[in-house]
Structure formats: structure tokens, C-alpha cells
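start.pdb (PDB, C-alpha atoms, pLDDT in the B column)
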ATOM      1  CA  ASP A 724      13.308  20.242  16.983  1.00 58.00           C
ATOM      2  CA  GLN A 725      12.197  21.120  13.483  1.00 66.00           C
ATOM      3  CA  GLN A 726      15.218  22.152  11.504  1.00 82.00           C
ATOM      4  CA  VAL A 727      13.243  22.782   8.333  1.00 90.00           C
ATOM      5  CA  LYS A 728       9.888  24.561   8.220  1.00 92.00           C
ATOM      6  CA  GLN A 729       7.398  24.954   5.431  1.00 94.00           C
ATOM      7  CA  ASN A 730       4.746  27.207   6.933  1.00 90.00           C
ATOM      8  CA  SER A 731       2.216  26.967   4.108  1.00 94.00           C
ATOM      9  CA  PRO A 732       0.542  23.554   3.989  1.00 93.00           C
ATOM     10  CA  SER A 733      -1.157  24.375   0.705  1.00 96.00           C
ATOM     11  CA  LEU A 734      -0.999  26.752  -2.259  1.00 97.00           C
ATOM     12  CA  SER A 735      -3.356  27.194  -5.189  1.00 97.00           C
ATOM     13  CA  VAL A 736      -2.446  29.053  -8.384  1.00 98.00           C
ATOM     14  CA  GLN A 737      -3.865  29.494 -11.861  1.00 98.00           C
ATOM     15  CA  GLU A 738      -2.232  27.765 -14.815  1.00 97.00           C
ATOM     16  CA  GLY A 739       0.358  30.021 -16.443  1.00 97.00           C
ATOM     17  CA  ARG A 740       1.012  32.075 -13.307  1.00 97.00           C
ATOM     18  CA  ILE A 741       3.992  31.859 -10.962  1.00 98.00           C
ATOM     19  CA  SER A 742       4.054  29.455  -8.013  1.00 98.00           C
ATOM     20  CA  ILE A 743       6.291  30.405  -5.091  1.00 98.00           C
ATOM     21  CA  LEU A 744       6.943  27.857  -2.384  1.00 98.00           C
ATOM     22  CA  ASN A 745       8.855  28.857   0.730  1.00 97.00           C
ATOM     23  CA  CYS A 746      11.033  27.131   3.286  1.00 96.00           C
ATOM     24  CA  ASP A 747      12.934  28.279   6.384  1.00 95.00           C
ATOM     25  CA  TYR A 748      15.748  26.472   8.148  1.00 92.00           C
ATOM     26  CA  THR A 749      17.391  26.949  11.521  1.00 88.00           C
ATOM     27  CA  ASN A 750      20.960  25.687  11.209  1.00 78.00           C
ATOM     28  CA  SER A 751      23.640  27.550   9.275  1.00 74.00           C
ATOM     29  CA  MET A 752      25.729  24.414   8.820  1.00 77.00           C
ATOM     30  CA  PHE A 753      23.752  22.933   5.967  1.00 77.00           C
ATOM     31  CA  ASP A 754      25.578  22.586   2.676  1.00 79.00           C
ATOM     32  CA  TYR A 755      22.924  21.597   0.186  1.00 86.00           C
ATOM     33  CA  PHE A 756      19.307  22.653  -0.099  1.00 91.00           C
ATOM     34  CA  LEU A 757      16.909  20.645  -2.195  1.00 92.00           C
ATOM     35  CA  TRP A 758      13.345  20.426  -3.405  1.00 96.00           C
ATOM     36  CA  TYR A 759      11.536  17.151  -3.926  1.00 96.00           C
ATOM     37  CA  LYS A 760       8.166  16.620  -5.567  1.00 97.00           C
ATOM     38  CA  LYS A 761       5.721  13.904  -4.558  1.00 94.00           C
ATOM     39  CA  TYR A 762       2.685  12.659  -6.429  1.00 93.00           C
ATOM     40  CA  PRO A 763       0.080  10.500  -4.650  1.00 88.00           C
ATOM     41  CA  ALA A 764       1.023   6.800  -4.391  1.00 83.00           C
ATOM     42  CA  GLU A 765       4.609   7.520  -5.453  1.00 89.00           C
ATOM     43  CA  GLY A 766       7.832   8.220  -3.603  1.00 92.00           C
ATOM     44  CA  PRO A 767       9.314  11.744  -3.670  1.00 94.00           C
ATOM     45  CA  THR A 768      11.500  12.550  -6.649  1.00 94.00           C
ATOM     46  CA  PHE A 769      14.381  14.984  -6.728  1.00 92.00           C
ATOM     47  CA  LEU A 770      13.514  18.261  -8.452  1.00 95.00           C
ATOM     48  CA  ILE A 771      16.295  20.810  -8.004  1.00 94.00           C
ATOM     49  CA  SER A 772      19.089  21.660  -5.571  1.00 91.00           C
ATOM     50  CA  ILE A 773      21.408  24.499  -4.648  1.00 92.00           C
ATOM     51  CA  SER A 774      24.670  24.487  -2.753  1.00 88.00           C
ATOM     52  CA  SER A 775      25.345  26.910   0.065  1.00 88.00           C
ATOM     53  CA  ILE A 776      27.887  28.824  -2.014  1.00 90.00           C
ATOM     54  CA  LYS A 777      25.234  29.943  -4.516  1.00 92.00           C
ATOM     55  CA  ASP A 778      22.125  32.097  -4.229  1.00 94.00           C
ATOM     56  CA  LYS A 779      20.257  30.939  -7.332  1.00 96.00           C
ATOM     57  CA  ASN A 780      19.944  27.825  -9.447  1.00 95.00           C
ATOM     58  CA  GLU A 781      17.720  27.487 -12.484  1.00 96.00           C
ATOM     59  CA  ASP A 782      16.463  24.431 -14.366  1.00 95.00           C
ATOM     60  CA  GLY A 783      13.878  25.162 -17.017  1.00 97.00           C
ATOM     61  CA  ARG A 784      10.692  26.398 -15.380  1.00 97.00           C
ATOM     62  CA  PHE A 785      12.094  25.812 -11.884  1.00 98.00           C
ATOM     63  CA  THR A 786      14.333  28.244  -9.999  1.00 98.00           C
ATOM     64  CA  VAL A 787      15.541  27.882  -6.444  1.00 97.00           C
ATOM     65  CA  PHE A 788      16.668  30.933  -4.473  1.00 97.00           C
ATOM     66  CA  LEU A 789      18.767  30.793  -1.317  1.00 95.00           C
ATOM     67  CA  ASN A 790      18.987  33.666   1.168  1.00 94.00           C
ATOM     68  CA  LYS A 791      21.567  32.542   3.718  1.00 91.00           C
ATOM     69  CA  SER A 792      21.336  35.595   5.941  1.00 92.00           C
ATOM     70  CA  ALA A 793      17.594  35.014   6.336  1.00 94.00           C
ATOM     71  CA  LYS A 794      17.968  31.203   6.353  1.00 93.00           C
ATOM     72  CA  HIS A 795      15.290  31.089   3.685  1.00 95.00           C
ATOM     73  CA  LEU A 796      14.841  28.983   0.574  1.00 95.00           C
ATOM     74  CA  SER A 797      12.221  29.400  -2.130  1.00 97.00           C
ATOM     75  CA  LEU A 798      11.143  27.559  -5.252  1.00 98.00           C
ATOM     76  CA  HIS A 799       9.663  29.463  -8.191  1.00 98.00           C
ATOM     77  CA  ILE A 800       7.752  27.669 -10.924  1.00 98.00           C
ATOM     78  CA  VAL A 801       7.081  29.748 -14.023  1.00 97.00           C
ATOM     79  CA  PRO A 802       4.766  29.191 -15.793  1.00 97.00           C
ATOM     80  CA  SER A 803       2.848  26.796 -13.581  1.00 98.00           C
ATOM     81  CA  GLN A 804       1.147  23.826 -15.249  1.00 97.00           C
ATOM     82  CA  PRO A 805      -1.592  21.473 -13.995  1.00 97.00           C
ATOM     83  CA  GLY A 806       0.957  18.624 -14.026  1.00 96.00           C
ATOM     84  CA  ASP A 807       2.917  20.513 -11.364  1.00 97.00           C
ATOM     85  CA  SER A 808       0.144  19.773  -8.860  1.00 97.00           C
ATOM     86  CA  ALA A 809       1.886  17.727  -6.149  1.00 97.00           C
ATOM     87  CA  VAL A 810       3.317  17.985  -2.660  1.00 96.00           C
ATOM     88  CA  TYR A 811       6.668  19.785  -2.564  1.00 97.00           C
ATOM     89  CA  PHE A 812       9.178  19.088   0.188  1.00 96.00           C
ATOM     90  CA  CYS A 813      12.228  21.191   0.889  1.00 95.00           C
ATOM     91  CA  ALA A 814      15.212  19.393   2.365  1.00 92.00           C
ATOM     92  CA  VAL A 815      18.600  20.263   3.834  1.00 89.00           C
ATOM     93  CA  PHE A 816      21.761  18.217   3.710  1.00 81.00           C
ATOM     94  CA  PRO A 817      24.932  18.702   5.751  1.00 74.00           C
ATOM     95  CA  TYR A 818      28.355  17.591   4.488  1.00 64.00           C
ATOM     96  CA  ASN A 819      29.422  16.122   7.818  1.00 62.00           C
ATOM     97  CA  ASN A 820      26.930  13.291   7.750  1.00 62.00           C
ATOM     98  CA  ASN A 821      24.610  11.621   5.327  1.00 64.00           C
ATOM     99  CA  ASP A 822      21.204  12.283   6.812  1.00 70.00           C
ATOM    100  CA  MET A 823      18.829  14.639   5.079  1.00 80.00           C
ATOM    101  CA  ARG A 824      16.096  16.585   6.876  1.00 85.00           C
ATOM    102  CA  PHE A 825      12.772  17.421   5.269  1.00 90.00           C
ATOM    103  CA  GLY A 826      10.085  20.012   5.820  1.00 92.00           C
ATOM    104  CA  ALA A 827       6.418  19.130   6.304  1.00 93.00           C
ATOM    105  CA  GLY A 828       5.579  19.770   2.657  1.00 94.00           C
ATOM    106  CA  THR A 829       3.369  22.185   0.696  1.00 96.00           C
ATOM    107  CA  ARG A 830       0.549  20.879  -1.466  1.00 96.00           C
ATOM    108  CA  LEU A 831       0.489  22.837  -4.728  1.00 98.00           C
ATOM    109  CA  THR A 832      -2.644  22.853  -6.855  1.00 98.00           C
ATOM    110  CA  VAL A 833      -2.451  24.392 -10.315  1.00 97.00           C
ATOM    111  CA  LYS A 834      -5.916  25.081 -11.711  1.00 96.00           C
ATOM    112  CA  PRO A 835      -6.497  24.924 -15.486  1.00 93.00           C
TER     113      PRO A 835
ATOM    114  CA  ASP H  25      17.536   4.703 -13.881  1.00 67.00           C
ATOM    115  CA  VAL H  26      17.914   3.987 -10.187  1.00 65.00           C
ATOM    116  CA  LYS H  27      15.310   1.641  -8.881  1.00 90.00           C
ATOM    117  CA  VAL H  28      14.378   1.408  -5.221  1.00 95.00           C
ATOM    118  CA  THR H  29      11.862  -1.330  -4.589  1.00 95.00           C
ATOM    119  CA  GLN H  30       9.803  -1.745  -1.461  1.00 95.00           C
ATOM    120  CA  SER H  31       8.366  -5.203  -0.979  1.00 88.00           C
ATOM    121  CA  SER H  32       4.793  -4.233  -0.116  1.00 90.00           C
ATOM    122  CA  ARG H  33       2.583  -1.354  -1.202  1.00 92.00           C
ATOM    123  CA  TYR H  34      -0.010  -1.894   1.540  1.00 95.00           C
ATOM    124  CA  LEU H  35       0.295  -3.820   4.779  1.00 96.00           C
ATOM    125  CA  VAL H  36      -2.197  -4.423   7.586  1.00 97.00           C
ATOM    126  CA  LYS H  37      -0.915  -5.810  10.888  1.00 96.00           C
ATOM    127  CA  ARG H  38      -2.213  -6.365  14.409  1.00 97.00           C
ATOM    128  CA  THR H  39      -0.892  -4.633  17.518  1.00 97.00           C
ATOM    129  CA  GLY H  40       2.039  -6.578  18.954  1.00 97.00           C
ATOM    130  CA  GLU H  41       3.000  -8.293  15.702  1.00 97.00           C
ATOM    131  CA  LYS H  42       6.566  -8.235  14.435  1.00 97.00           C
ATOM    132  CA  VAL H  43       6.700  -6.429  11.088  1.00 97.00           C
ATOM    133  CA  PHE H  44       9.396  -6.507   8.430  1.00 96.00           C
ATOM    134  CA  LEU H  45       9.581  -3.861   5.709  1.00 97.00           C
ATOM    135  CA  GLU H  46      12.035  -4.713   2.966  1.00 96.00           C
ATOM    136  CA  CYS H  47      13.821  -2.384   0.562  1.00 97.00           C
ATOM    137  CA  VAL H  48      16.162  -3.210  -2.313  1.00 97.00           C
ATOM    138  CA  GLN H  49      18.123  -0.812  -4.551  1.00 96.00           C
ATOM    139  CA  ASP H  50      19.886  -1.721  -7.769  1.00 94.00           C
ATOM    140  CA  MET H  51      22.432   1.083  -8.197  1.00 88.00           C
ATOM    141  CA  ASP H  52      25.152   0.015  -5.782  1.00 90.00           C
ATOM    142  CA  HIS H  53      24.477   3.005  -3.519  1.00 90.00           C
ATOM    143  CA  GLU H  54      26.332   3.098  -0.243  1.00 89.00           C
ATOM    144  CA  ASN H  55      23.665   4.970   1.721  1.00 90.00           C
ATOM    145  CA  MET H  56      20.174   3.756   2.515  1.00 93.00           C
ATOM    146  CA  PHE H  57      17.464   5.417   4.577  1.00 94.00           C
ATOM    147  CA  TRP H  58      14.092   4.755   6.162  1.00 96.00           C
ATOM    148  CA  TYR H  59      11.650   7.635   6.582  1.00 95.00           C
ATOM    149  CA  ARG H  60       8.058   7.794   7.669  1.00 95.00           C
ATOM    150  CA  GLN H  61       5.630  10.316   6.258  1.00 93.00           C
ATOM    151  CA  ASP H  62       2.751  11.646   8.353  1.00 92.00           C
ATOM    152  CA  PRO H  63       0.346  14.488   7.530  1.00 85.00           C
ATOM    153  CA  GLY H  64       1.654  17.822   8.801  1.00 83.00           C
ATOM    154  CA  LEU H  65       4.972  16.317   9.837  1.00 87.00           C
ATOM    155  CA  GLY H  66       6.564  15.635   6.483  1.00 87.00           C
ATOM    156  CA  LEU H  67       9.275  13.020   6.187  1.00 91.00           C
ATOM    157  CA  ARG H  68      11.009  12.041   9.406  1.00 92.00           C
ATOM    158  CA  LEU H  69      14.199  10.006   9.423  1.00 91.00           C
ATOM    159  CA  ILE H  70      14.013   6.743  11.364  1.00 95.00           C
ATOM    160  CA  TYR H  71      17.363   5.098  10.596  1.00 94.00           C
ATOM    161  CA  PHE H  72      20.030   5.265   7.954  1.00 92.00           C
ATOM    162  CA  SER H  73      22.977   3.142   6.938  1.00 93.00           C
ATOM    163  CA  TYR H  74      26.145   4.217   5.142  1.00 89.00           C
ATOM    164  CA  ASP H  75      27.613   0.754   4.704  1.00 90.00           C
ATOM    165  CA  VAL H  76      26.869  -2.925   5.135  1.00 92.00           C
ATOM    166  CA  LYS H  77      26.228  -3.812   8.783  1.00 89.00           C
ATOM    167  CA  MET H  78      26.424  -0.131   9.747  1.00 91.00           C
ATOM    168  CA  LYS H  79      23.464   1.825  11.048  1.00 93.00           C
ATOM    169  CA  GLU H  80      22.776   5.223  12.536  1.00 91.00           C
ATOM    170  CA  LYS H  81      19.725   6.476  14.405  1.00 92.00           C
ATOM    171  CA  GLY H  82      17.696   9.209  12.862  1.00 90.00           C
ATOM    172  CA  ASP H  83      15.229  11.494  14.594  1.00 87.00           C
ATOM    173  CA  ILE H  84      12.631   8.883  15.619  1.00 93.00           C
ATOM    174  CA  PRO H  85      14.281   5.444  16.084  1.00 95.00           C
ATOM    175  CA  GLU H  86      12.211   4.363  19.090  1.00 96.00           C
ATOM    176  CA  GLY H  87      10.220   1.218  18.406  1.00 96.00           C
ATOM    177  CA  TYR H  88      12.213   0.388  15.270  1.00 97.00           C
ATOM    178  CA  SER H  89      15.350  -1.516  14.346  1.00 97.00           C
ATOM    179  CA  VAL H  90      17.113  -2.066  11.031  1.00 97.00           C
ATOM    180  CA  SER H  91      19.260  -4.635   9.304  1.00 97.00           C
ATOM    181  CA  ARG H  92      21.712  -4.240   6.447  1.00 96.00           C
ATOM    182  CA  GLU H  93      23.392  -7.581   5.719  1.00 95.00           C
ATOM    183  CA  LYS H  94      23.905  -6.847   2.017  1.00 95.00           C
ATOM    184  CA  LYS H  95      24.678  -3.565   0.286  1.00 95.00           C
ATOM    185  CA  GLU H  96      21.526  -3.585  -1.806  1.00 96.00           C
ATOM    186  CA  ARG H  97      19.061  -4.448   0.949  1.00 97.00           C
ATOM    187  CA  PHE H  98      17.918  -2.442   3.971  1.00 97.00           C
ATOM    188  CA  SER H  99      15.204  -3.807   6.239  1.00 97.00           C
ATOM    189  CA  LEU H 100      13.099  -1.943   8.784  1.00 97.00           C
ATOM    190  CA  ILE H 101      11.783  -3.996  11.688  1.00 97.00           C
ATOM    191  CA  LEU H 102       8.962  -3.143  14.054  1.00 97.00           C
ATOM    192  CA  GLU H 103       9.567  -5.521  16.959  1.00 94.00           C
ATOM    193  CA  SER H 104       6.067  -5.094  18.402  1.00 97.00           C
ATOM    194  CA  ALA H 105       3.820  -2.990  16.202  1.00 97.00           C
ATOM    195  CA  SER H 106       1.685  -0.317  17.827  1.00 97.00           C
ATOM    196  CA  THR H 107      -1.150   1.807  16.438  1.00 97.00           C
ATOM    197  CA  ASN H 108       1.006   4.955  16.484  1.00 96.00           C
ATOM    198  CA  GLN H 109       3.251   3.277  13.928  1.00 97.00           C
ATOM    199  CA  THR H 110       0.493   3.439  11.336  1.00 97.00           C
ATOM    200  CA  SER H 111       2.116   5.512   8.618  1.00 96.00           C
ATOM    201  CA  MET H 112       3.582   5.676   5.124  1.00 95.00           C
ATOM    202  CA  TYR H 113       7.113   4.259   5.183  1.00 97.00           C
ATOM    203  CA  LEU H 114       9.584   5.377   2.533  1.00 96.00           C
ATOM    204  CA  CYS H 115      12.922   3.824   1.740  1.00 97.00           C
ATOM    205  CA  ALA H 116      15.627   5.785  -0.084  1.00 94.00           C
ATOM    206  CA  SER H 117      19.190   5.372  -1.274  1.00 92.00           C
ATOM    207  CA  SER H 118      22.015   7.682  -2.321  1.00 87.00           C
ATOM    208  CA  LEU H 119      25.646   7.764  -3.286  1.00 82.00           C
ATOM    209  CA  SER H 120      28.209   8.459  -0.613  1.00 73.00           C
ATOM    210  CA  GLY H 121      30.160  11.694  -0.624  1.00 65.00           C
ATOM    211  CA  GLN H 122      29.509  15.299  -1.408  1.00 55.00           C
ATOM    212  CA  VAL H 123      28.973  15.029  -5.146  1.00 58.00           C
ATOM    213  CA  GLY H 124      25.727  13.222  -5.831  1.00 56.00           C
ATOM    214  CA  GLY H 125      25.211  12.322  -2.203  1.00 62.00           C
ATOM    215  CA  GLU H 126      22.712  15.076  -1.822  1.00 70.00           C
ATOM    216  CA  LYS H 127      20.214  13.374  -4.142  1.00 83.00           C
ATOM    217  CA  LEU H 128      18.016  10.661  -2.656  1.00 89.00           C
ATOM    218  CA  PHE H 129      16.148   8.100  -4.723  1.00 91.00           C
ATOM    219  CA  PHE H 130      12.949   6.908  -3.101  1.00 95.00           C
ATOM    220  CA  GLY H 131      10.825   3.815  -3.367  1.00 95.00           C
ATOM    221  CA  SER H 132       7.065   4.085  -3.833  1.00 94.00           C
ATOM    222  CA  GLY H 133       6.362   3.611  -0.147  1.00 95.00           C
ATOM    223  CA  THR H 134       4.591   1.097   2.072  1.00 96.00           C
ATOM    224  CA  GLN H 135       1.348   2.188   3.709  1.00 95.00           C
ATOM    225  CA  LEU H 136       1.279   0.313   7.020  1.00 97.00           C
ATOM    226  CA  SER H 137      -1.872   0.120   9.091  1.00 97.00           C
ATOM    227  CA  VAL H 138      -1.626  -1.294  12.618  1.00 97.00           C
ATOM    228  CA  LEU H 139      -4.999  -2.308  14.048  1.00 96.00           C
TER     229      LEU H 139
END
Could you express the structure from this file as C-alpha cells?
Amino acid sequence: DQQVKQNSPSLSVQEGRISILNCDYTNSMFDYFLWYKKYPAEGPTFLISISSIKDKNEDGRFTVFLNKSAKHLSLHIVPSQPGDSAVYFCAVFPYNNNDMRFGAGTRLTVKP
Amino acid sequence: DVKVTQSSRYLVKRTGEKVFLECVQDMDHENMFWYRQDPGLGLRLIYFSYDVKMKEKGDIPEGYSVSREKKERFSLILESASTNQTSMYLCASSLSGQVGGEKLFFGSGTQLSVL
């Protein structure tokens, strides 16, 4: 039972352009939605989050959008940089317990 | 900065061996987690613990057990390793509660190969 789905295993964009990573979830009871970034040989690191009461959260070049009616989450990176090349995981977090669920990840490659 | 340390970066074990993966965090976090990462499957939760001596099953607990005798340490145990347990294992910790609890801090991972 996959509660979080990232349907694109990979994405390639040119430096300076926008990267859009997408995520769908199945359960309406999640309270926080997050994006983590993972470089090879390192653990994932927290990137940005959004609570269920908002529809947008921005942090520098990174913006997360939440569409609750569509159960859809997206991450926009503008402008994309080669250092953004990594695997991006979306995650969902319910208030009623402490376990977080992750998607399968999308490998982003930003070409110089 | 929060530091989550996993005892081994790479580990090679034989089928049937008992395997211990150790994880230590230095930020007094209440919650600790074990995930495994497999290609195409992302991160799947094995077990988590919200307090000393407490544990909860995640999505894939079969074949694993855990131990949390001290707040800072969370161990994952493979009682009898099998080849399908070859994977990248990631430990994480977080604060308890709604504020801050949504952010996990991960270790660098242990790549376990079972031959």
C-alpha cells in the first residue's frame, strides 16, 4: 500500500531553467508534507516542508505547492543549478503518530 | 548541528548470520527510526521508537528486531540475515511533537550485503 507516489523516477533539466518534481498521496489525514534531498553516499537531508493548512511555502530558490483537493504536492526549483543534482524524496507526516512515509524518489540531473 | 552516526558504512555478512546495525544521535531526540532504501521503492520504515525501551513496527518489520536501551542509541538486529535483506539501511532521529517533529535527521547509511 503505497501512500506516497513519485511517478517520475528521473528528470533532466538545463542549468538556469525550472525543475518541477511531483508527488501524489492517497490519505487526506496527513498534516505535514516534506521534501528531502539525497546525494550519493549521504543520508537524506531536509529541504522544505509545508503544513496542510497552507498551499505554498517558499525558501529561496525552492517552493513547495500543495493541492489538497488533488492530493498533489510539487517542488519547484528556480533557477536550477548543477549542485541541485540529487535524488529528491517527498514525504508525508501525520500528527497522530510519529512515522513518516516516503515516496520512491526522483533523480534530478541539472546539466551545465 | 544534529549528528546521527551509524557505526558502519559498509558491511558484508553471510546468510544466517546475526547482524547488528548501531545508530547514535547526539541531540537528545525522543524519536528514532530505521529505514531501508531500495531502488524504485524509496525509503521504507522498518521500526521506530518514541522513547527508551519503546518500539513500534513500521511497514516492513519482518525479519528485523530493534533495541533502545538508551535514549541516544537505537539498534537494528537481523536475527538471521538473508539475501533479500541486502540494502542501504538509514537511521534517523527527530524531536517529539508537532513542532519540529516533522523534520528527520538522517545518518549516512550502512550498505549491507548478505552473501
> So how far away is CA of Val736 (chain A) from CA of Ala793 (chain A), in Å?
Replying inline: 25.6 Å
>> Running the PyMOL selection byres ((chain H) within 12 of (chain A)) on this model by hand, what would come out? Give it as a PyMOL selection string.
In response: chain H and resi 26-30+33-34+54-75+79-84+112-135
> Suppose you want the space between CA of Leu45 (chain H) and CA of Thr107 (chain H); what is it in Å?
Replying inline: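 Calculated distance between CA of Leu45 (chain H) and CA of Thr107 (chain H) is 16.2 Å.
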>> Since I can't run it myself right now, could you work out what the PyMOL selection byres ((chain A and resi 805) around 7) selects here and report it as a count of residues only?
In response: 9
>> I'd like the residues picked by the PyMOL selection byres ((chain A and resi 802) around 6) written out as a list in words, using the chain letters and numbers from the file.
In response: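 Evaluating the PyMOL selection byres ((chain A and resi 802) around 6) on this file yields Gly739, Arg740, Ile741, Ile800, Val801 and Ser803 of chain A.
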Next, the residues of the selection above should be written as a short mmCIF file (atom, residue, chain, number, x, y, z; two decimals), in the coordinates of the input with C-alpha atoms.
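The resulting file, again-v1.cif, is reproduced below:
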data_model
loop_
_atom_site.label_atom_id
_atom_site.label_comp_id
_atom_site.auth_asym_id
_atom_site.auth_seq_id
_atom_site.Cartn_x
_atom_site.Cartn_y
_atom_site.Cartn_z
CA GLY A 739 0.36 30.02 -16.44
CA ARG A 740 1.01 32.08 -13.31
CA ILE A 741 3.99 31.86 -10.96
CA ILE A 800 7.75 27.67 -10.92
CA VAL A 801 7.08 29.75 -14.02
CA SER A 803 2.85 26.80 -13.58
#
> Hey, what's within 10 Å of Lys779 (chain A) if we count only C-alpha atoms and toss same-chain stuff fewer than 4 positions away? As a VMD selection string, please?
Replying inline: chain A and resid 772 to 775 786 to 790 796 to 798
> So what do you get for CA of Ser731 (chain A) versus CA of Ser792 (chain A), distance-wise?
Replying inline: 21.1 Å
> Which residues, written as number ranges by chain, have at least one atom at most 7 Å from region 97-106 of chain H, with only C-alpha atoms counted and residues fewer than 6 positions away on the same chain left out?
Replying inline: H: 39-49, 56, 87-91, 138
